[in-house]
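Asks: Structure in C-alpha cells, see below.
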Amino acid sequence: MGYRIVTDSSANLTDEQINEYGVEILSLKYYINGKEYDSYVKGVPTDYTETYSLLRQKAKITTSLVSREICDSVIRPILENGEDVLVLAFSSGLSGTYQNIENAAKEYREEFPDRKIRVVDTLCASLGEGLAVHYAVKLKNEGKTLDEVADWVEENKLHICHLFTIDDLFFLKRGGRLSGSGAMLGTLLGIKPMLHTADDGKLYVTGKVRGRKAAVESLIKSVGERSTNIEDQEVFVVHGDCEDEAEYIASEIKKRYKVKKVVYNYIDPVIAAHAGPGTLSVFFMGEKR
C-alpha cells in the first residue's frame, strides 16, 4: 500500500509545504514559564508571535524531545493502515529526538513485522532538515521506493548547507555555548557570529562580522559562493521573527543568482530557545557543508 514520509516539527516546514508534501509531523514540545506548548498542531495555523514576544523578554524556556506518545499518535496509525514509514529526523548532534524515534521504531518493527520502518538521522536542523524532506518527497512522487529515497538522503545529507547568524548573544550564553564575558563584549562591539551545521550535525562558529547589515550580506553571498547549480534549486530561509530581513534575503537571492523559488519561514521555538529572536539562516545544496 505504499509508504508515508514523516518528519518532526524542527524541520520548520511551512503549513503550506506540509499540506503540499503530504507529510506527517512529530511535534516537539517546549515550556515557557512552566506552561506547555506544542511546536506543531495538525490543522491549526502555526503562529509563534506570542512565543517570540516572550523570548524577547528573556522568559525562561525549556524544550523536550519527541516522546513515545507523539510517535504512537502519528506513526502507529500509518502502520495499522498497512503502509510503511520513512522518518527523516532532527540532527542527533543537536537533539535526542532521532534516538527516541529509533527506539520506538524498534518496537514497531516487532509489532508490525510485515511493515518497513526506516529512521534517517538527517544531521540537519530547521529548514535544512526541511530541505531533506523536500527532496525526499520529490523522489517519492517520481516513483522511488522507500529504500531508494532513504538511501538518497543518507548519501546527500552532507551536501545540505546550513549557514546562519545570531543576533542576540544572550541566548548562546544562556545555552552554555558562549561565556558571559564573551557575550557582553560581543554585544558591546556589535559582533555577529556566523555559524554553520557541520558534518557531525553540530553547530560551529565559522567567523564573525561587525554589524547586522554585514551579517545579512554574508549570508546572501554564501549562497553564490558555496552552492552548486543554484539556479535549478529551491533555497530555504528561516528567521527568528524578523520577516522583513528574511524577505530581503529571499529577494536578493532571486535577483543575484536567478533562483526561481525561495521559501522562508519562522524558526520553531525549540530551536529559537537556543538561537533567539533575530536569527537568520539560509539552506541550499552544495559540494560540502
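So you can find residues: chains in the C-alpha cells are A, B, ... in the order shown, residues in each start at 1, and ligands are numbered from 1 in order.
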Contacts of Arg109 of chain A at 12 Å or less, counting only C-alpha atoms, minus same-chain residues fewer than 4 places along, as a PyMOL selection string?
Replies: chain A and resi 75-76+79+84-85+102-105+113-119
Asks: Write the residues you've just listed into a file as an mmCIF file, in the first residue's frame, and include N, CA, C and O atoms for each of them.
Replies:
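So the final result, stored in selection_26.cif, reads:
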```
data_model
loop_
_atom_site.group_PDB
_atom_site.id
_atom_site.type_symbol
_atom_site.label_atom_id
_atom_site.label_comp_id
_atom_site.auth_asym_id
_atom_site.auth_seq_id
_atom_site.Cartn_x
_atom_site.Cartn_y
_atom_site.Cartn_z
ATOM 1 N N ILE A 75 2.829 7.710 14.044
ATOM 2 C CA ILE A 75 3.382 6.597 13.268
ATOM 3 C C ILE A 75 2.504 5.351 13.338
ATOM 4 O O ILE A 75 2.286 4.673 12.324
ATOM 5 N N ARG A 76 1.994 5.045 14.503
ATOM 6 C CA ARG A 76 1.211 3.825 14.662
ATOM 7 C C ARG A 76 0.003 3.752 13.706
ATOM 8 O O ARG A 76 -0.223 2.712 13.074
ATOM 9 N N LEU A 79 1.086 2.595 10.262
ATOM 10 C CA LEU A 79 1.402 1.167 10.224
ATOM 11 C C LEU A 79 0.136 0.326 10.286
ATOM 12 O O LEU A 79 0.002 -0.682 9.566
ATOM 13 N N ASP A 84 4.051 1.568 4.957
ATOM 14 C CA ASP A 84 5.385 1.637 5.526
ATOM 15 C C ASP A 84 5.700 3.087 5.898
ATOM 16 O O ASP A 84 4.973 4.015 5.516
ATOM 17 N N VAL A 85 6.800 3.284 6.636
ATOM 18 C CA VAL A 85 7.116 4.615 7.159
ATOM 19 C C VAL A 85 8.592 4.943 6.975
ATOM 20 O O VAL A 85 9.469 4.134 7.311
ATOM 21 N N GLU A 102 13.962 6.239 16.859
ATOM 22 C CA GLU A 102 14.529 4.929 16.513
ATOM 23 C C GLU A 102 14.184 3.900 17.578
ATOM 24 O O GLU A 102 13.886 2.736 17.250
ATOM 25 N N ASN A 103 14.188 4.290 18.852
ATOM 26 C CA ASN A 103 13.795 3.358 19.912
ATOM 27 C C ASN A 103 12.358 2.907 19.746
ATOM 28 O O ASN A 103 12.041 1.720 19.926
ATOM 29 N N ALA A 104 11.483 3.836 19.395
ATOM 30 C CA ALA A 104 10.086 3.477 19.148
ATOM 31 C C ALA A 104 9.980 2.576 17.921
ATOM 32 O O ALA A 104 9.217 1.597 17.915
ATOM 33 N N ALA A 105 10.771 2.881 16.889
ATOM 34 C CA ALA A 105 10.720 2.108 15.650
ATOM 35 C C ALA A 105 11.121 0.652 15.873
ATOM 36 O O ALA A 105 10.567 -0.258 15.240
ATOM 37 N N PRO A 113 5.674 -6.830 11.899
ATOM 38 C CA PRO A 113 6.789 -7.457 11.171
ATOM 39 C C PRO A 113 6.667 -7.370 9.655
ATOM 40 O O PRO A 113 7.686 -7.520 8.954
ATOM 41 N N ASP A 114 5.479 -7.120 9.141
ATOM 42 C CA ASP A 114 5.302 -7.018 7.695
ATOM 43 C C ASP A 114 5.517 -5.596 7.167
ATOM 44 O O ASP A 114 5.450 -5.377 5.955
ATOM 45 N N ARG A 115 5.753 -4.676 8.071
ATOM 46 C CA ARG A 115 5.919 -3.280 7.670
ATOM 47 C C ARG A 115 7.391 -2.880 7.706
ATOM 48 O O ARG A 115 8.158 -3.337 8.546
ATOM 49 N N LYS A 116 7.775 -2.002 6.783
ATOM 50 C CA LYS A 116 9.135 -1.460 6.757
ATOM 51 C C LYS A 116 9.127 -0.101 7.454
ATOM 52 O O LYS A 116 8.288 0.759 7.154
ATOM 53 N N ILE A 117 10.072 0.084 8.363
ATOM 54 C CA ILE A 117 10.203 1.355 9.079
ATOM 55 C C ILE A 117 11.669 1.758 9.062
ATOM 56 O O ILE A 117 12.515 1.059 9.630
ATOM 57 N N ARG A 118 11.977 2.875 8.411
ATOM 58 C CA ARG A 118 13.348 3.388 8.413
ATOM 59 C C ARG A 118 13.370 4.784 9.020
ATOM 60 O O ARG A 118 12.504 5.615 8.723
ATOM 61 N N VAL A 119 14.352 5.003 9.872
ATOM 62 C CA VAL A 119 14.535 6.300 10.510
ATOM 63 C C VAL A 119 15.910 6.820 10.109
ATOM 64 O O VAL A 119 16.919 6.172 10.376
#
```
Asks: So which bits of segment 38-286 of chain A end up strand (DSSP E) when you DSSP the backbone, as a PyMOL selection string?
Replies: chain A and resi 38+61-63+84-89+117-121+160-165+191-197+203-210+234-239+261-266+280-285
Asks: Write out as CSV a residue-level contact list of segment 6-87 of chain A versus segment 241-245 of chain A with cut-off 12 Å: for each qualifying residue the closest pair of atoms and the distance in Å to one decimal, counting only C-alpha atoms, rows sorted by chain and residue number upward.
Replies:
```
residue,atom,partner,partner_atom,distance
A:Asp47,CA,A:Asp241,CA,10.6
A:Tyr48,CA,A:Asp241,CA,8.3
A:Thr49,CA,A:Asp241,CA,7.6
A:Glu50,CA,A:Asp241,CA,10.4
A:Thr51,CA,A:Asp241,CA,9.8
A:Tyr52,CA,A:Asp241,CA,6.7
A:Ser53,CA,A:Asp241,CA,9.1
A:Leu54,CA,A:Asp241,CA,11.8
A:Leu55,CA,A:Asp241,CA,10.4
A:Arg56,CA,A:Asp241,CA,10.2
```
Asks: Report as a ChimeraX atom specification all protein, DNA and RNA residues lying within 6 Å of segment 128-142 of chain A, evaluated on only C-alpha atoms, omitting residues in the same chain fewer than 2 positions from it.
Replies: /A:11,13,124-126,144,149,283
Asks: Those same residues, written as a tab-separated table (two decimals), in the first residue's frame with all heavy atoms?
Replies:
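Below is the file that was written, result-v1.tsv:
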```
chain	number	residue	atom	x	y	z
A	11	ALA	N	11.86	20.55	11.56
A	11	ALA	CA	12.14	20.74	10.13
A	11	ALA	C	11.66	22.11	9.66
A	11	ALA	O	12.04	22.55	8.58
A	11	ALA	CB	11.48	19.63	9.30
A	13	LEU	N	9.05	23.27	8.35
A	13	LEU	CA	8.28	23.39	7.11
A	13	LEU	C	7.10	24.34	7.33
A	13	LEU	O	6.51	24.38	8.41
A	13	LEU	CB	7.76	22.03	6.68
A	13	LEU	CG	8.81	20.99	6.27
A	13	LEU	CD1	8.19	19.62	6.16
A	13	LEU	CD2	9.50	21.38	4.96
A	124	CYS	N	20.69	17.27	10.05
A	124	CYS	CA	20.23	18.59	9.61
A	124	CYS	C	19.33	19.21	10.67
A	124	CYS	O	18.77	18.50	11.52
A	124	CYS	CB	19.46	18.50	8.30
A	124	CYS	SG	20.42	17.94	6.87
A	125	ALA	N	19.16	20.52	10.58
A	125	ALA	CA	18.29	21.23	11.50
A	125	ALA	C	17.47	22.26	10.75
A	125	ALA	O	17.85	22.70	9.66
A	125	ALA	CB	19.13	21.93	12.58
A	126	SER	N	16.34	22.62	11.33
A	126	SER	CA	15.48	23.66	10.79
A	126	SER	C	15.14	23.34	9.32
A	126	SER	O	14.91	22.19	8.97
A	126	SER	CB	16.15	25.03	10.96
A	126	SER	OG	15.28	26.07	10.63
A	144	LYS	N	10.09	6.64	-6.65
A	144	LYS	CA	11.17	5.95	-5.96
A	144	LYS	C	10.61	5.21	-4.74
A	144	LYS	O	9.68	5.65	-4.09
A	144	LYS	CB	12.25	6.93	-5.51
A	144	LYS	CG	12.89	7.73	-6.64
A	144	LYS	CD	13.62	6.84	-7.62
A	144	LYS	CE	14.34	7.67	-8.68
A	144	LYS	NZ	15.00	6.81	-9.70
A	149	VAL	N	14.63	6.31	-1.55
A	149	VAL	CA	14.58	7.67	-1.02
A	149	VAL	C	15.46	7.79	0.22
A	149	VAL	O	16.24	8.74	0.34
A	149	VAL	CB	13.12	8.06	-0.69
A	149	VAL	CG1	13.09	9.43	0.00
A	149	VAL	CG2	12.27	8.09	-1.95
A	283	PHE	N	19.60	27.84	3.53
A	283	PHE	CA	19.83	26.41	3.29
A	283	PHE	C	19.77	26.15	1.79
A	283	PHE	O	18.83	26.58	1.11
A	283	PHE	CB	18.76	25.58	4.00
A	283	PHE	CG	18.62	25.87	5.47
A	283	PHE	CD1	17.71	26.83	5.88
A	283	PHE	CD2	19.39	25.23	6.41
A	283	PHE	CE1	17.56	27.14	7.23
A	283	PHE	CE2	19.25	25.52	7.76
A	283	PHE	CZ	18.34	26.47	8.17
```
Asks: What does the distance from atom CA of His159 of chain A to atom CA of Ile253 of chain A come to in Å, to one decimal?
Replies: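 For atom CA of His159 of chain A relative to atom CA of Ile253 of chain A, the distance reads 18.9 Å.
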Asks: Among segment 161-268 of chain A, which residues carry a DSSP assignment of helix (DSSP H, G or I), reported as a VMD selection string?
Replies: chain A and resid 170 to 174 180 to 189 212 to 226 230 to 232 243 to 257
Asks: Return the single residue from A:Lys29, A:Asp199, A:Leu88, A:Gly2 that is closest to Ile101 of chain A, with distances computed using only C-alpha atoms.
Replies: A:Leu88
Asks: Which neighbours of Ile32 of chain A fall inside 6 Å, counting only C-alpha atoms, when residues of the same chain fewer than 3 positions from it are skipped, and could you give them as a list in words?
Replies: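 Everything that qualifies: Lys35, Lys60 and Ile61 of chain A.
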Asks: Pick from A:Leu219, A:Leu94, A:Met285, A:Val238: nearest to Gly201 of chain A, with only C-alpha atoms counted?
Replies: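 Once distances to Gly201 of chain A are computed over only C-alpha atoms, the minimum belongs to A:Leu94.
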